[in-house]
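For reference, final.pdb is printed below; it contains PDB, C-alpha atoms.
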ATOM      1  CA  MET A   1      -4.935  -2.115  48.997
ATOM      2  CA  GLU A   2      -1.252  -3.028  48.504
ATOM      3  CA  LYS A   3      -2.222  -6.694  48.434
ATOM      4  CA  ASP A   4      -4.702  -6.007  45.615
ATOM      5  CA  LYS A   5      -1.982  -4.233  43.633
ATOM      6  CA  VAL A   6       0.375  -7.184  44.035
ATOM      7  CA  VAL A   7      -2.308  -9.636  42.899
ATOM      8  CA  GLU A   8      -3.132  -7.425  39.907
ATOM      9  CA  PHE A   9       0.555  -7.170  38.978
ATOM     10  CA  ASP A  10       1.031 -10.934  39.239
ATOM     11  CA  SER A  11      -2.016 -11.516  37.075
ATOM     12  CA  GLN A  12      -0.760  -9.026  34.500
ATOM     13  CA  LYS A  13       2.668 -10.673  34.478
ATOM     14  CA  ARG A  14       1.183 -14.140  33.956
ATOM     15  CA  ILE A  15      -1.019 -12.929  31.128
ATOM     16  CA  LEU A  16       1.955 -11.345  29.348
ATOM     17  CA  GLU A  17       4.047 -14.491  29.809
ATOM     18  CA  MET A  18       1.301 -16.633  28.312
ATOM     19  CA  ALA A  19       0.790 -14.159  25.477
ATOM     20  CA  ARG A  20       4.471 -14.313  24.558
ATOM     21  CA  LYS A  21       4.289 -18.097  24.436
ATOM     22  CA  TYR A  22       1.373 -17.947  22.012
ATOM     23  CA  VAL A  23       2.865 -15.318  19.694
ATOM     24  CA  ASN A  24       6.145 -17.262  19.602
ATOM     25  CA  SER A  25       4.477 -20.581  18.794
ATOM     26  CA  LEU A  26       1.760 -20.662  16.161
ATOM     27  CA  GLU A  27       1.402 -24.385  16.780
ATOM     28  CA  LEU A  28       0.624 -23.772  20.457
ATOM     29  CA  PHE A  29      -1.773 -20.955  19.589
ATOM     30  CA  LEU A  30      -3.734 -23.165  17.195
ATOM     31  CA  GLU A  31      -3.689 -26.105  19.596
ATOM     32  CA  GLU A  32      -5.037 -24.017  22.487
ATOM     33  CA  ASN A  33      -7.058 -21.576  20.415
ATOM     34  CA  ASN A  34     -10.069 -21.370  22.729
ATOM     35  CA  ARG A  35      -7.819 -20.472  25.641
ATOM     36  CA  ALA A  36      -5.262 -18.452  23.681
ATOM     37  CA  VAL A  37      -7.621 -15.900  22.148
ATOM     38  CA  PRO A  38      -9.010 -14.581  25.468
ATOM     39  CA  VAL A  39      -5.467 -14.410  26.869
ATOM     40  CA  LEU A  40      -4.254 -12.373  23.895
ATOM     41  CA  GLN A  41      -7.278 -10.091  24.118
ATOM     42  CA  LYS A  42      -6.431  -9.355  27.754
ATOM     43  CA  ALA A  43      -2.703  -9.013  27.056
ATOM     44  CA  ILE A  44      -3.277  -6.188  24.556
ATOM     45  CA  LYS A  45      -4.073  -3.911  27.496
ATOM     46  CA  TYR A  46      -0.659  -4.448  29.102
ATOM     47  CA  ALA A  47       1.643  -5.330  26.201
ATOM     48  CA  ASP A  48       4.477  -3.155  24.944
ATOM     49  CA  LYS A  49       4.422  -2.015  21.330
ATOM     50  CA  GLU A  50       6.333  -4.965  19.885
ATOM     51  CA  LEU A  51       4.230  -7.585  21.643
ATOM     52  CA  LYS A  52       1.039  -5.716  20.834
ATOM     53  CA  GLN A  53       1.885  -5.740  17.118
ATOM     54  CA  LYS A  54       2.452  -9.501  17.222
ATOM     55  CA  ILE A  55      -0.852 -10.037  19.036
ATOM     56  CA  ILE A  56      -2.717  -7.918  16.507
ATOM     57  CA  PHE A  57      -1.242  -9.907  13.634
ATOM     58  CA  LEU A  58      -2.062 -13.250  15.239
ATOM     59  CA  LEU A  59      -5.630 -12.326  16.149
ATOM     60  CA  GLY A  60      -6.312 -10.745  12.775
ATOM     61  CA  SER A  61      -4.914 -13.706  10.880
ATOM     62  CA  PHE A  62      -6.466 -16.580  12.785
ATOM     63  CA  ALA A  63      -9.100 -15.509  15.328
ATOM     64  CA  LYS A  64     -11.469 -13.847  12.802
ATOM     65  CA  GLU A  65     -14.879 -13.595  14.525
ATOM     66  CA  LYS A  66     -13.367 -13.312  17.989
ATOM     67  CA  ALA A  67     -10.795 -10.745  16.930
ATOM     68  CA  TYR A  68     -12.614  -8.019  15.090
ATOM     69  CA  GLN A  69     -14.068  -6.210  18.095
ATOM     70  CA  PRO A  70     -10.743  -6.003  19.995
ATOM     71  CA  LEU A  71      -9.057  -4.830  16.801
ATOM     72  CA  TYR A  72     -11.767  -2.250  16.241
ATOM     73  CA  ASN A  73     -11.369  -1.028  19.831
ATOM     74  CA  ILE A  74      -7.671  -0.442  19.176
ATOM     75  CA  LEU A  75      -8.395   1.364  15.916
ATOM     76  CA  THR A  76     -10.707   3.827  17.678
ATOM     77  CA  ASP A  77      -8.546   4.370  20.781
ATOM     78  CA  LYS A  78      -7.208   7.941  20.622
ATOM     79  CA  LEU A  79      -4.696   7.191  23.374
ATOM     80  CA  GLU A  80      -3.172   4.299  21.443
ATOM     81  CA  ASP A  81       0.064   4.600  19.452
ATOM     82  CA  GLU A  82      -0.726   5.567  15.850
ATOM     83  CA  ASP A  83       1.364   2.709  14.448
ATOM     84  CA  ILE A  84      -0.665   0.265  16.526
ATOM     85  CA  ARG A  85      -3.939   1.815  15.331
ATOM     86  CA  ARG A  86      -2.711   1.457  11.749
ATOM     87  CA  ASP A  87      -1.783  -2.181  12.337
ATOM     88  CA  ALA A  88      -5.281  -2.822  13.691
ATOM     89  CA  ALA A  89      -6.761  -1.207  10.575
ATOM     90  CA  VAL A  90      -4.619  -3.415   8.337
ATOM     91  CA  GLN A  91      -5.734  -6.562  10.134
ATOM     92  CA  LEU A  92      -9.384  -5.533  10.038
ATOM     93  CA  SER A  93      -9.137  -5.132   6.269
ATOM     94  CA  VAL A  94      -7.755  -8.684   6.158
ATOM     95  CA  THR A  95     -10.323 -10.076   8.589
ATOM     96  CA  GLY A  96     -13.407  -8.355   7.171
ATOM     97  CA  PRO A  97     -13.973 -10.614   4.137
ATOM     98  CA  PHE A  98     -13.966 -13.728   6.332
ATOM     99  CA  LEU A  99     -16.507 -12.629   8.924
ATOM    100  CA  GLU A 100     -19.769 -14.564   8.874
ATOM    101  CA  ASP A 101     -21.612 -11.285   9.321
ATOM    102  CA  PRO A 102     -19.371  -8.310   8.519
ATOM    103  CA  GLN A 103     -22.268  -5.832   8.577
ATOM    104  CA  PRO A 104     -21.787  -4.618  12.191
ATOM    105  CA  LEU A 105     -18.121  -3.877  11.448
ATOM    106  CA  ILE A 106     -18.991  -2.184   8.152
ATOM    107  CA  ASP A 107     -21.598  -0.015   9.872
ATOM    108  CA  GLN A 108     -19.120   1.056  12.539
ATOM    109  CA  LEU A 109     -16.422   1.899  10.009
ATOM    110  CA  LEU A 110     -18.815   3.814   7.753
ATOM    111  CA  LYS A 111     -19.799   5.950  10.718
ATOM    112  CA  ASP A 112     -16.158   6.514  11.636
ATOM    113  CA  MET A 113     -15.376   7.637   8.087
ATOM    114  CA  GLU A 114     -17.656  10.622   8.742
ATOM    115  CA  SER A 115     -15.912  11.561  11.995
ATOM    116  CA  SER A 116     -14.475  15.045  12.581
ATOM    117  CA  ASP A 117     -11.327  13.263  13.814
ATOM    118  CA  ALA A 118      -8.979  12.936  10.830
ATOM    119  CA  GLU A 119      -6.999  10.097  12.439
ATOM    120  CA  LEU A 120     -10.152   8.052  12.934
ATOM    121  CA  ARG A 121     -11.284   8.739   9.358
ATOM    122  CA  LEU A 122      -7.849   7.669   8.157
ATOM    123  CA  HIS A 123      -7.833   4.307   9.945
ATOM    124  CA  ALA A 124     -11.477   3.540   9.210
ATOM    125  CA  THR A 125     -10.947   4.312   5.518
ATOM    126  CA  PHE A 126      -8.105   1.824   5.354
ATOM    127  CA  ALA A 127      -9.908  -0.871   7.343
ATOM    128  CA  ILE A 128     -13.039  -0.885   5.195
ATOM    129  CA  GLY A 129     -11.243  -1.487   1.893
ATOM    130  CA  TRP A 130     -11.432  -5.211   1.295
ATOM    131  CA  GLU A 131     -12.227  -7.113  -1.872
ATOM    132  CA  GLY A 132     -15.921  -7.300  -2.633
ATOM    133  CA  ASN A 133     -17.002  -4.764   0.012
ATOM    134  CA  TYR A 134     -18.988  -2.740  -2.480
ATOM    135  CA  GLN A 135     -21.004  -1.024   0.262
ATOM    136  CA  ALA A 136     -17.881   1.004   0.882
ATOM    137  CA  ALA A 137     -17.519   2.251  -2.708
ATOM    138  CA  ILE A 138     -19.542   5.474  -2.521
ATOM    139  CA  PRO A 139     -18.283   6.465   0.961
ATOM    140  CA  LEU A 140     -14.716   5.853  -0.206
ATOM    141  CA  ILE A 141     -15.286   7.960  -3.313
ATOM    142  CA  GLU A 142     -16.439  10.762  -1.011
ATOM    143  CA  ARG A 143     -13.186  10.437   0.924
ATOM    144  CA  LEU A 144     -11.272  11.213  -2.272
ATOM    145  CA  TYR A 145     -12.325  14.798  -1.526
ATOM    146  CA  ASP A 146     -11.426  14.663   2.176
ATOM    147  CA  SER A 147      -9.785  17.716   3.729
ATOM    148  CA  ASP A 148      -6.873  15.522   4.864
ATOM    149  CA  ILE A 149      -4.569  14.411   2.038
ATOM    150  CA  ARG A 150      -3.644  11.243   3.945
ATOM    151  CA  VAL A 151      -7.295  10.210   3.976
ATOM    152  CA  GLN A 152      -7.529  10.950   0.243
ATOM    153  CA  GLN A 153      -4.541   8.718  -0.480
ATOM    154  CA  THR A 154      -5.844   5.951   1.759
ATOM    155  CA  ALA A 155      -9.210   6.125  -0.019
ATOM    156  CA  VAL A 156      -7.435   5.514  -3.330
ATOM    157  CA  ASN A 157      -5.799   2.378  -1.939
ATOM    158  CA  ALA A 158      -9.030   1.166  -0.369
ATOM    159  CA  LEU A 159     -10.999   1.686  -3.595
ATOM    160  CA  CYS A 160      -8.447  -0.355  -5.512
ATOM    161  CA  ASN A 161      -8.682  -3.085  -2.886
ATOM    162  CA  LEU A 162     -12.396  -3.461  -3.668
ATOM    163  CA  ARG A 163     -11.330  -4.937  -7.047
ATOM    164  CA  ASP A 164     -14.226  -3.243  -8.853
ATOM    165  CA  ASP A 165     -13.213  -2.174 -12.357
ATOM    166  CA  LYS A 166     -16.136   0.254 -12.531
ATOM    167  CA  ILE A 167     -14.227   2.489 -10.126
ATOM    168  CA  LEU A 168     -11.404   3.034 -12.610
ATOM    169  CA  HIS A 169     -13.068   5.916 -14.463
ATOM    170  CA  LEU A 170     -13.635   7.763 -11.162
ATOM    171  CA  LEU A 171      -9.968   7.445 -10.279
ATOM    172  CA  LEU A 172      -8.988   8.672 -13.728
ATOM    173  CA  GLU A 173     -11.140  11.759 -13.186
ATOM    174  CA  ARG A 174      -9.315  12.458  -9.910
ATOM    175  CA  LEU A 175      -6.029  11.775 -11.661
ATOM    176  CA  GLU A 176      -6.760  14.720 -13.935
ATOM    177  CA  ASN A 177      -8.182  17.086 -11.328
ATOM    178  CA  GLY A 178      -6.852  16.066  -7.910
ATOM    179  CA  PRO A 179      -3.860  17.487  -6.007
ATOM    180  CA  LEU A 180      -0.370  16.271  -6.865
ATOM    181  CA  LEU A 181      -0.021  13.794  -3.994
ATOM    182  CA  GLN A 182      -3.349  12.213  -4.901
ATOM    183  CA  LYS A 183      -2.307  12.012  -8.551
ATOM    184  CA  ARG A 184       0.843  10.139  -7.549
ATOM    185  CA  CYS A 185      -1.112   7.787  -5.315
ATOM    186  CA  ILE A 186      -3.565   6.997  -8.115
ATOM    187  CA  LEU A 187      -0.784   6.343 -10.620
ATOM    188  CA  LEU A 188       0.821   3.970  -8.126
ATOM    189  CA  ASN A 189      -2.373   1.931  -7.908
ATOM    190  CA  LEU A 190      -3.769   1.849 -11.458
ATOM    191  CA  TRP A 191      -1.746  -1.225 -12.499
ATOM    192  CA  ARG A 192      -3.868  -3.256 -10.063
ATOM    193  CA  PHE A 193      -6.856  -3.060 -12.448
ATOM    194  CA  TYR A 194      -5.767  -6.229 -14.192
ATOM    195  CA  SER A 195      -8.661  -6.519 -16.629
ATOM    196  CA  ARG A 196      -8.143  -2.934 -17.848
ATOM    197  CA  GLN A 197      -4.408  -3.156 -18.520
ATOM    198  CA  GLU A 198      -4.590  -1.697 -22.025
ATOM    199  CA  GLU A 199      -6.417   1.398 -20.772
ATOM    200  CA  VAL A 200      -4.037   1.751 -17.830
ATOM    201  CA  ASN A 201      -1.077   1.366 -20.169
ATOM    202  CA  GLU A 202      -2.325   4.323 -22.213
ATOM    203  CA  VAL A 203      -2.605   6.404 -19.047
ATOM    204  CA  TYR A 204       1.009   5.702 -18.113
ATOM    205  CA  LEU A 205       2.195   6.519 -21.627
ATOM    206  CA  ARG A 206       0.294   9.792 -21.519
ATOM    207  CA  TYR A 207       1.791  10.733 -18.158
ATOM    208  CA  LEU A 208       5.284  10.242 -19.537
ATOM    209  CA  GLU A 209       4.529  13.536 -21.287
ATOM    210  CA  HIS A 210       3.419  15.337 -18.107
ATOM    211  CA  LYS A 211       5.187  18.552 -17.130
ATOM    212  CA  ASN A 212       5.706  17.320 -13.563
ATOM    213  CA  PRO A 213       8.887  15.191 -13.356
ATOM    214  CA  ASP A 214       7.628  13.150 -10.381
ATOM    215  CA  LEU A 215       4.585  12.050 -12.358
ATOM    216  CA  ARG A 216       6.700  11.243 -15.406
ATOM    217  CA  PHE A 217       9.056   9.185 -13.256
ATOM    218  CA  ASP A 218       6.192   7.321 -11.568
ATOM    219  CA  ALA A 219       4.648   6.551 -14.957
ATOM    220  CA  LEU A 220       7.913   5.085 -16.237
ATOM    221  CA  VAL A 221       8.375   2.997 -13.091
ATOM    222  CA  LEU A 222       4.873   1.567 -13.377
ATOM    223  CA  LEU A 223       4.842   1.034 -17.129
ATOM    224  CA  LYS A 224       6.745  -2.186 -16.555
ATOM    225  CA  HIS A 225       3.822  -3.628 -14.597
ATOM    226  CA  VAL A 226       1.571  -3.415 -17.665
ATOM    227  CA  GLY A 227       4.037  -4.636 -20.272
ATOM    228  CA  GLY A 228       5.959  -1.414 -20.889
ATOM    229  CA  GLU A 229       9.294  -3.160 -21.355
ATOM    230  CA  ASP A 230       8.269  -4.585 -24.750
ATOM    231  CA  ARG A 231      10.190  -3.542 -27.864
ATOM    232  CA  LYS A 232       7.196  -1.669 -29.244
ATOM    233  CA  TYR A 233       8.088   1.084 -26.750
ATOM    234  CA  LEU A 234      11.315   1.956 -28.532
ATOM    235  CA  LYS A 235      10.109   5.526 -29.140
ATOM    236  CA  VAL A 236       9.113   5.843 -25.484
ATOM    237  CA  TYR A 237      12.582   4.930 -24.252
ATOM    238  CA  ARG A 238      14.245   7.123 -26.870
ATOM    239  CA  LYS A 239      12.356  10.123 -25.520
ATOM    240  CA  CYS A 240      13.045   9.156 -21.913
ATOM    241  CA  LEU A 241      16.780   9.107 -22.630
ATOM    242  CA  ARG A 242      16.481  12.825 -23.430
ATOM    243  CA  ASP A 243      14.328  13.706 -20.419
ATOM    244  CA  GLU A 244      15.580  16.617 -18.313
ATOM    245  CA  ASP A 245      15.130  14.555 -15.131
ATOM    246  CA  ASN A 246      18.214  12.390 -14.473
ATOM    247  CA  ARG A 247      16.111   9.782 -12.612
ATOM    248  CA  ILE A 248      14.129   9.158 -15.775
ATOM    249  CA  ARG A 249      17.210   8.923 -17.993
ATOM    250  CA  LYS A 250      18.795   6.466 -15.560
ATOM    251  CA  LEU A 251      15.659   4.340 -15.214
ATOM    252  CA  ALA A 252      15.166   4.210 -18.997
ATOM    253  CA  LEU A 253      18.712   2.889 -19.348
ATOM    254  CA  GLU A 254      18.102   0.313 -16.630
ATOM    255  CA  ARG A 255      14.935  -0.850 -18.367
ATOM    256  CA  LEU A 256      16.879  -1.254 -21.606
ATOM    257  CA  ASP A 257      19.638  -3.098 -19.777
ATOM    258  CA  GLU A 258      17.142  -5.680 -18.557
ATOM    259  CA  GLU A 259      16.635  -6.798 -22.141
ATOM    260  CA  ASN A 260      19.108  -8.286 -24.624
ATOM    261  CA  ALA A 261      21.312  -5.335 -25.573
ATOM    262  CA  SER A 262      21.307  -6.278 -29.239
ATOM    263  CA  ARG A 263      17.609  -5.411 -29.363
ATOM    264  CA  TRP A 264      18.386  -1.760 -28.713
ATOM    265  CA  LEU A 265      21.024  -1.087 -31.396
ATOM    266  CA  GLU A 266      18.737   1.575 -32.857
ATOM    267  CA  LEU A 267      19.283   3.578 -29.684
ATOM    268  CA  LYS A 268      23.062   3.281 -29.676
ATOM    269  CA  GLU A 269      23.633   6.898 -30.700
ATOM    270  CA  GLU A 270      21.370   8.226 -27.918
ATOM    271  CA  ILE A 271      22.998   5.928 -25.356
ATOM    272  CA  GLU A 272      26.510   6.989 -26.393
ATOM    273  CA  ALA A 273      25.510  10.626 -25.923
ATOM    274  CA  LEU A 274      24.795   9.841 -22.259
ATOM    275  CA  LEU A 275      28.464   9.036 -21.663
ATOM    276  CA  ASN A 276      28.752  12.821 -21.273
ATOM    277  CA  ASP A 277      25.798  13.069 -18.920
ATOM    278  CA  PRO A 278      26.430  15.341 -15.881
ATOM    279  CA  HIS A 279      25.151  12.605 -13.551
ATOM    280  CA  MET A 280      27.545   9.748 -12.855
ATOM    281  CA  GLU A 281      24.804   7.150 -12.307
ATOM    282  CA  VAL A 282      23.415   7.886 -15.767
ATOM    283  CA  LYS A 283      26.893   7.592 -17.285
ATOM    284  CA  ARG A 284      27.472   4.264 -15.552
ATOM    285  CA  ALA A 285      24.139   2.861 -16.756
ATOM    286  CA  ALA A 286      24.939   3.925 -20.320
ATOM    287  CA  MET A 287      28.388   2.285 -20.155
ATOM    288  CA  ASN A 288      26.853  -1.007 -18.972
ATOM    289  CA  ILE A 289      24.576  -1.193 -22.007
ATOM    290  CA  LEU A 290      27.279  -0.205 -24.493
ATOM    291  CA  LYS A 291      29.555  -2.944 -23.157
ATOM    292  CA  LYS A 292      26.842  -5.490 -23.861
ATOM    293  CA  MET A 293      26.305  -4.088 -27.355
ATOM    294  CA  ARG A 294      29.956  -4.665 -28.196
TER
END
Go through the file and emit its structure as structure tokens.
Amino acid sequence: MEKDKVVEFDSQKRILEMARKYVNSLELFLEENNRAVPVLQKAIKYADKELKQKIIFLLGSFAKEKAYQPLYNILTDKLEDEDIRRDAAVQLSVTGPFLEDPQPLIDQLLKDMESSDAELRLHATFAIGWEGNYQAAIPLIERLYDSDIRVQQTAVNALCNLRDDKILHLLLERLENGPLLQKRCILLNLWRFYSRQEEVNEVYLRYLEHKNPDLRFDALVLLKHVGGEDRKYLKVYRKCLRDEDNRIRKLALERLDEENASRWLELKEEIEALLNDPHMEVKRAAMNILKKMR
């Protein structure tokens, strides 16, 4: 019995040594791919967290067909570290589009999205969101109403990853009626609808008027991604400089400072008023712009 334990330990040690060689040398991994993949699959069982993360990345990036089942097994393992399960979900979302036949994986993930286990729903929801996976659209929309807010937020990200502009109106409906955390998550993802930038721009401008300061701040941050720094937004920045939230006043000044200061002479009076702002960071940002104006 002791002899068997020693043999098992030696085998485990050798596997881990080989695995470290492969994760530390992409060239070696690619050169010995047929041998490396089985070794890495075995090593996952024994590896510490750091090595396991490297193995997951390598398998998900290069092994494709051979990797998805081991990655899926990690995703569904309740005894596994949650960070590792999340990493497996990330790599599955990367691997999925490149599988010759992704249907078995899709079927498994769709089933998991209906699980009573919130952690499993969470990871499956992330994993299934890859570009062009339109089978996942309706199930992901259903997860926008999940009892777990983390699953709701992950569903938003996954829906955006599908790159289907038809989903935009559904997200805008949830933006109006969903809980605050979901609203923030949706705002943070709308800019990714590249072909609907004008519509998204209007949404951000509208949310600059929202009563919730976090949503106003998020809208100002994201406006830049859809062309919000253009001079035509002079009125927008003027109002932001008077916002009751100091983060918004500061960010508006920083946005102005990114441009040629001479373009914002019309706002000089409002900027000078901020030299008396109660928040030092706002004062400093105002001083920087005024120096450039002189």
| said: I need the output of the PyMOL selection byres ((chain A and resi 289) around 8) for this file as a PyMOL selection string; which residues are they? | reply: chain A and resi 253+256-257+261+285-288+290-293
| said: When you look at Arg35 (chain A) with a cut-off of 12 Å (counting only C-alpha atoms), what residues show up, excluding the ones that are within fewer than 6 positions of it in the same chain? I need them as a list in words. | reply: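 Selected residues are Ile15, Met18, Ala19, Tyr22, Leu28, Phe29, Gln41, Lys42, Ala63 and Lys66 of chain A.
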For the selection just defined, write its residues with C-alpha atoms to a file, as a compact mmCIF listing (two decimals), in the coordinates of the input.
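Output contents, as saved in part39.txt:
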# COMPACT_ATOMS: atom_id res chain seq x y z
CA ILE A 15 -1.02 -12.93 31.13
CA MET A 18 1.30 -16.63 28.31
CA ALA A 19 0.79 -14.16 25.48
CA TYR A 22 1.37 -17.95 22.01
CA LEU A 28 0.62 -23.77 20.46
CA PHE A 29 -1.77 -20.96 19.59
CA GLN A 41 -7.28 -10.09 24.12
CA LYS A 42 -6.43 -9.36 27.75
CA ALA A 63 -9.10 -15.51 15.33
CA LYS A 66 -13.37 -13.31 17.99
Find the residues near region 214-223 of chain A: any atom within 7 Å, counting all atoms listed in the file, skip ones fewer than 2 places away on the same chain, and give them as a short mmCIF file (atom, residue, chain, number, x, y, z; two decimals) with C-alpha atoms, keeping the file's coordinate frame.
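Saved to selection-v3.cif:
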data_model
loop_
_atom_site.label_atom_id
_atom_site.label_comp_id
_atom_site.auth_asym_id
_atom_site.auth_seq_id
_atom_site.Cartn_x
_atom_site.Cartn_y
_atom_site.Cartn_z
CA ARG A 184 0.84 10.14 -7.55
CA LEU A 187 -0.78 6.34 -10.62
CA ASN A 201 -1.08 1.37 -20.17
CA TYR A 204 1.01 5.70 -18.11
CA TYR A 207 1.79 10.73 -18.16
CA LEU A 208 5.28 10.24 -19.54
CA GLU A 209 4.53 13.54 -21.29
CA HIS A 210 3.42 15.34 -18.11
CA ASN A 212 5.71 17.32 -13.56
CA HIS A 225 3.82 -3.63 -14.60
CA VAL A 226 1.57 -3.42 -17.66
CA GLY A 227 4.04 -4.64 -20.27
CA GLY A 228 5.96 -1.41 -20.89
CA ILE A 248 14.13 9.16 -15.78
#
| Any idea what's packed within 8 Å of region 239-244 of chain A, counting all atoms listed in the file, ignoring anything in its chain fewer than 6 positions away? Could you give it as number ranges by chain? | A: 250, 252-253, 270-271
| What is the distance between CA of Leu188 (chain A) and CA of Ala127 (chain A), in Å to one decimal? | 19.4 Å
